[in-house]
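The block underneath contains the structure these notes are about, expressed in structure tokens.
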Amino acid sequence: MSQITQEQRYIIETLLNENYSKLGIAERLKKDVSTIYREIKRNYDKRNNNYRAVLAHRRCEERHFDKRKRIRFTTEVKDFVEHWIKQEYSPEQIMGRAKEQGLNCVSHERIYQ
């Protein structure tokens, strides 16, 4: 599954303005026709029922920004890291200790932060 790029959105906008069918647009972009239908449905301008690439790209970025992020640095992980830092272990050693115990841990770069 590949996402539609900003350049492809401009192509969709242009082809829609030239009255291409959704199937024709999908063939031109080498995407499934359902992907094109979904893109247009999600991102068309509701004020005038036109598809605009700039607006579509902005909406896509907003959806990605608002999406929940997976938080790995939980309080359990933080307590584990702090315990071993007090024991003067390096972040790399802490990660190794976590792997030995089968715990999900963050990267050594994150521990340094």
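Each chain of the structure tokens is named A, B, ... in the order shown, its residues numbered from 1; ligands are numbered from 1 in display order.
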Per-residue DSSP, segment 7-61 of chain A, filtered to alpha helix (DSSP H), as a ChimeraX atom specification: /A:7-17,22-29,33-43,53-61
Closest contacts (segment 39-100 of chain A/segment 11-31 of chain A, max 12 Å, only C-alpha atoms) as JSON lines:
{"residue": "A:Glu39", "atom": "CA", "partner": "A:Ile12", "partner_atom": "CA", "distance": 9.4}
{"residue": "A:Ile40", "atom": "CA", "partner": "A:Ile12", "partner_atom": "CA", "distance": 8.6}
{"residue": "A:Lys41", "atom": "CA", "partner": "A:Lys22", "partner_atom": "CA", "distance": 11.7}
{"residue": "A:Asn43", "atom": "CA", "partner": "A:Glu13", "partner_atom": "CA", "distance": 11.0}
{"residue": "A:Tyr44", "atom": "CA", "partner": "A:Glu13", "partner_atom": "CA", "distance": 9.9}
{"residue": "A:Asp45", "atom": "CA", "partner": "A:Glu13", "partner_atom": "CA", "distance": 11.5}
{"residue": "A:Asn49", "atom": "CA", "partner": "A:Leu16", "partner_atom": "CA", "distance": 11.8}
{"residue": "A:Asn50", "atom": "CA", "partner": "A:Glu13", "partner_atom": "CA", "distance": 8.6}
{"residue": "A:Tyr51", "atom": "CA", "partner": "A:Glu13", "partner_atom": "CA", "distance": 6.0}
{"residue": "A:Arg52", "atom": "CA", "partner": "A:Glu13", "partner_atom": "CA", "distance": 5.9}
{"residue": "A:Ala53", "atom": "CA", "partner": "A:Glu13", "partner_atom": "CA", "distance": 6.0}
{"residue": "A:Val54", "atom": "CA", "partner": "A:Glu13", "partner_atom": "CA", "distance": 9.5}
{"residue": "A:Leu55", "atom": "CA", "partner": "A:Glu13", "partner_atom": "CA", "distance": 10.7}
{"residue": "A:Ala56", "atom": "CA", "partner": "A:Glu13", "partner_atom": "CA", "distance": 9.7}
{"residue": "A:His57", "atom": "CA", "partner": "A:Glu13", "partner_atom": "CA", "distance": 11.5}
Would you export the selected residues with all heavy atoms as a compact mmCIF listing (two decimals), in the first residue's frame, please?
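The result, stored in part_8.txt:
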# COMPACT_ATOMS: atom_id res chain seq x y z
N GLU A 39 -9.61 8.98 -2.09
CA GLU A 39 -8.87 10.24 -2.03
C GLU A 39 -9.80 11.42 -2.34
O GLU A 39 -9.79 12.43 -1.62
CB GLU A 39 -7.71 10.21 -3.03
CG GLU A 39 -7.00 11.53 -3.22
CD GLU A 39 -6.25 12.01 -2.00
OE1 GLU A 39 -5.97 11.22 -1.08
OE2 GLU A 39 -5.94 13.21 -1.94
N ILE A 40 -10.59 11.30 -3.37
CA ILE A 40 -11.48 12.39 -3.75
C ILE A 40 -12.56 12.60 -2.70
O ILE A 40 -12.86 13.73 -2.31
CB ILE A 40 -12.08 12.11 -5.14
CG1 ILE A 40 -10.97 12.15 -6.20
CG2 ILE A 40 -13.18 13.11 -5.47
CD1 ILE A 40 -11.38 11.63 -7.55
N LYS A 41 -13.11 11.50 -2.21
CA LYS A 41 -14.19 11.60 -1.21
C LYS A 41 -13.68 12.25 0.09
O LYS A 41 -14.35 13.09 0.68
CB LYS A 41 -14.75 10.23 -0.90
CG LYS A 41 -15.89 10.24 0.08
CD LYS A 41 -16.42 8.85 0.35
CE LYS A 41 -17.51 8.89 1.40
NZ LYS A 41 -17.96 7.56 1.77
N ASN A 43 -11.11 14.28 0.52
CA ASN A 43 -10.41 15.56 0.43
C ASN A 43 -11.01 16.59 -0.51
O ASN A 43 -10.38 17.60 -0.79
CB ASN A 43 -8.95 15.31 0.00
CG ASN A 43 -8.21 14.49 1.03
OD1 ASN A 43 -8.30 14.76 2.21
ND2 ASN A 43 -7.48 13.49 0.58
N TYR A 44 -12.22 16.37 -0.99
CA TYR A 44 -12.79 17.39 -1.88
C TYR A 44 -13.23 18.60 -1.07
O TYR A 44 -13.46 18.52 0.13
CB TYR A 44 -13.94 16.81 -2.70
CG TYR A 44 -15.25 16.66 -1.95
CD1 TYR A 44 -16.23 17.64 -2.05
CD2 TYR A 44 -15.50 15.56 -1.14
CE1 TYR A 44 -17.43 17.52 -1.36
CE2 TYR A 44 -16.68 15.43 -0.45
CZ TYR A 44 -17.64 16.41 -0.57
OH TYR A 44 -18.82 16.29 0.13
N ASP A 45 -13.33 19.73 -1.75
CA ASP A 45 -13.74 20.98 -1.12
C ASP A 45 -15.25 20.97 -0.98
O ASP A 45 -15.98 21.00 -1.97
CB ASP A 45 -13.28 22.17 -1.98
CG ASP A 45 -13.50 23.51 -1.30
OD1 ASP A 45 -14.16 23.54 -0.24
OD2 ASP A 45 -13.01 24.52 -1.83
N ASN A 49 -17.66 21.62 -4.03
CA ASN A 49 -17.61 20.25 -4.58
C ASN A 49 -16.50 20.05 -5.61
O ASN A 49 -16.65 19.24 -6.53
CB ASN A 49 -18.96 19.84 -5.16
CG ASN A 49 -20.00 19.68 -4.09
OD1 ASN A 49 -19.69 19.32 -2.96
ND2 ASN A 49 -21.25 19.96 -4.42
N ASN A 50 -15.41 20.75 -5.49
CA ASN A 50 -14.26 20.57 -6.37
C ASN A 50 -13.13 19.92 -5.58
O ASN A 50 -13.01 20.11 -4.38
CB ASN A 50 -13.77 21.90 -6.94
CG ASN A 50 -14.71 22.46 -7.97
OD1 ASN A 50 -15.44 21.71 -8.61
ND2 ASN A 50 -14.70 23.77 -8.13
N TYR A 51 -12.29 19.19 -6.29
CA TYR A 51 -11.10 18.61 -5.69
C TYR A 51 -9.94 19.57 -5.94
O TYR A 51 -9.65 19.92 -7.08
CB TYR A 51 -10.80 17.25 -6.32
CG TYR A 51 -9.57 16.58 -5.74
CD1 TYR A 51 -9.66 15.80 -4.60
CD2 TYR A 51 -8.33 16.75 -6.33
CE1 TYR A 51 -8.53 15.19 -4.07
CE2 TYR A 51 -7.20 16.15 -5.80
CZ TYR A 51 -7.31 15.37 -4.67
OH TYR A 51 -6.20 14.78 -4.14
N ARG A 52 -9.30 19.99 -4.86
CA ARG A 52 -8.14 20.88 -4.97
C ARG A 52 -6.95 20.21 -4.29
O ARG A 52 -7.03 19.80 -3.13
CB ARG A 52 -8.43 22.23 -4.30
CG ARG A 52 -9.49 23.02 -5.07
CD ARG A 52 -9.76 24.40 -4.53
NE ARG A 52 -8.71 24.95 -3.71
CZ ARG A 52 -8.93 25.48 -2.50
NH1 ARG A 52 -10.13 25.51 -1.98
NH2 ARG A 52 -7.93 25.99 -1.83
N ALA A 53 -5.86 20.11 -5.02
CA ALA A 53 -4.68 19.39 -4.52
C ALA A 53 -4.10 20.00 -3.26
O ALA A 53 -3.70 19.29 -2.34
CB ALA A 53 -3.63 19.32 -5.62
N VAL A 54 -4.06 21.32 -3.21
CA VAL A 54 -3.47 22.00 -2.04
C VAL A 54 -4.29 21.69 -0.80
O VAL A 54 -3.74 21.34 0.25
CB VAL A 54 -3.41 23.53 -2.29
CG1 VAL A 54 -2.96 24.26 -1.04
CG2 VAL A 54 -2.49 23.84 -3.45
N LEU A 55 -5.60 21.80 -0.91
CA LEU A 55 -6.47 21.50 0.22
C LEU A 55 -6.38 20.02 0.60
O LEU A 55 -6.33 19.68 1.78
CB LEU A 55 -7.92 21.86 -0.14
CG LEU A 55 -8.98 21.54 0.91
CD1 LEU A 55 -8.75 22.37 2.17
CD2 LEU A 55 -10.37 21.81 0.34
N ALA A 56 -6.34 19.15 -0.40
CA ALA A 56 -6.26 17.71 -0.14
C ALA A 56 -4.99 17.37 0.61
O ALA A 56 -5.01 16.59 1.58
CB ALA A 56 -6.31 16.94 -1.46
N HIS A 57 -3.88 17.97 0.21
CA HIS A 57 -2.61 17.67 0.88
C HIS A 57 -2.61 18.20 2.31
O HIS A 57 -2.14 17.52 3.22
CB HIS A 57 -1.45 18.26 0.09
CG HIS A 57 -0.13 17.79 0.56
ND1 HIS A 57 0.30 16.49 0.40
CD2 HIS A 57 0.88 18.43 1.21
CE1 HIS A 57 1.49 16.36 0.93
NE2 HIS A 57 1.87 17.52 1.43
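Taking atom CA of Asp66 of chain A as the reference point, atom CA of Asp32 of chain A is found at 26.1 Å.
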Gap from atom CA of Cys105 of chain A to atom CA of Trp84 of chain A - Å, one decimal: 12.7 Å
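Separating atom CA of Lys86 of chain A from atom CA of Glu100 of chain A is a distance of 19.0 Å.
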Per-residue DSSP, chain A, filtered to strand (DSSP E or B), as a PyMOL selection string: chain A and resi 44-45+50-51
Could the residues in this selection be written to a file with all heavy atoms, as a short mmCIF file (atom, residue, chain, number, x, y, z; two decimals), in the first residue's frame?
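Output file selection.cif follows:
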data_model
loop_
_atom_site.label_atom_id
_atom_site.label_comp_id
_atom_site.auth_asym_id
_atom_site.auth_seq_id
_atom_site.Cartn_x
_atom_site.Cartn_y
_atom_site.Cartn_z
N TYR A 44 -12.22 16.37 -0.99
CA TYR A 44 -12.79 17.39 -1.88
C TYR A 44 -13.23 18.60 -1.07
O TYR A 44 -13.46 18.52 0.13
CB TYR A 44 -13.94 16.81 -2.70
CG TYR A 44 -15.25 16.66 -1.95
CD1 TYR A 44 -16.23 17.64 -2.05
CD2 TYR A 44 -15.50 15.56 -1.14
CE1 TYR A 44 -17.43 17.52 -1.36
CE2 TYR A 44 -16.68 15.43 -0.45
CZ TYR A 44 -17.64 16.41 -0.57
OH TYR A 44 -18.82 16.29 0.13
N ASP A 45 -13.33 19.73 -1.75
CA ASP A 45 -13.74 20.98 -1.12
C ASP A 45 -15.25 20.97 -0.98
O ASP A 45 -15.98 21.00 -1.97
CB ASP A 45 -13.28 22.17 -1.98
CG ASP A 45 -13.50 23.51 -1.30
OD1 ASP A 45 -14.16 23.54 -0.24
OD2 ASP A 45 -13.01 24.52 -1.83
N ASN A 50 -15.41 20.75 -5.49
CA ASN A 50 -14.26 20.57 -6.37
C ASN A 50 -13.13 19.92 -5.58
O ASN A 50 -13.01 20.11 -4.38
CB ASN A 50 -13.77 21.90 -6.94
CG ASN A 50 -14.71 22.46 -7.97
OD1 ASN A 50 -15.44 21.71 -8.61
ND2 ASN A 50 -14.70 23.77 -8.13
N TYR A 51 -12.29 19.19 -6.29
CA TYR A 51 -11.10 18.61 -5.69
C TYR A 51 -9.94 19.57 -5.94
O TYR A 51 -9.65 19.92 -7.08
CB TYR A 51 -10.80 17.25 -6.32
CG TYR A 51 -9.57 16.58 -5.74
CD1 TYR A 51 -9.66 15.80 -4.60
CD2 TYR A 51 -8.33 16.75 -6.33
CE1 TYR A 51 -8.53 15.19 -4.07
CE2 TYR A 51 -7.20 16.15 -5.80
CZ TYR A 51 -7.31 15.37 -4.67
OH TYR A 51 -6.20 14.78 -4.14
#
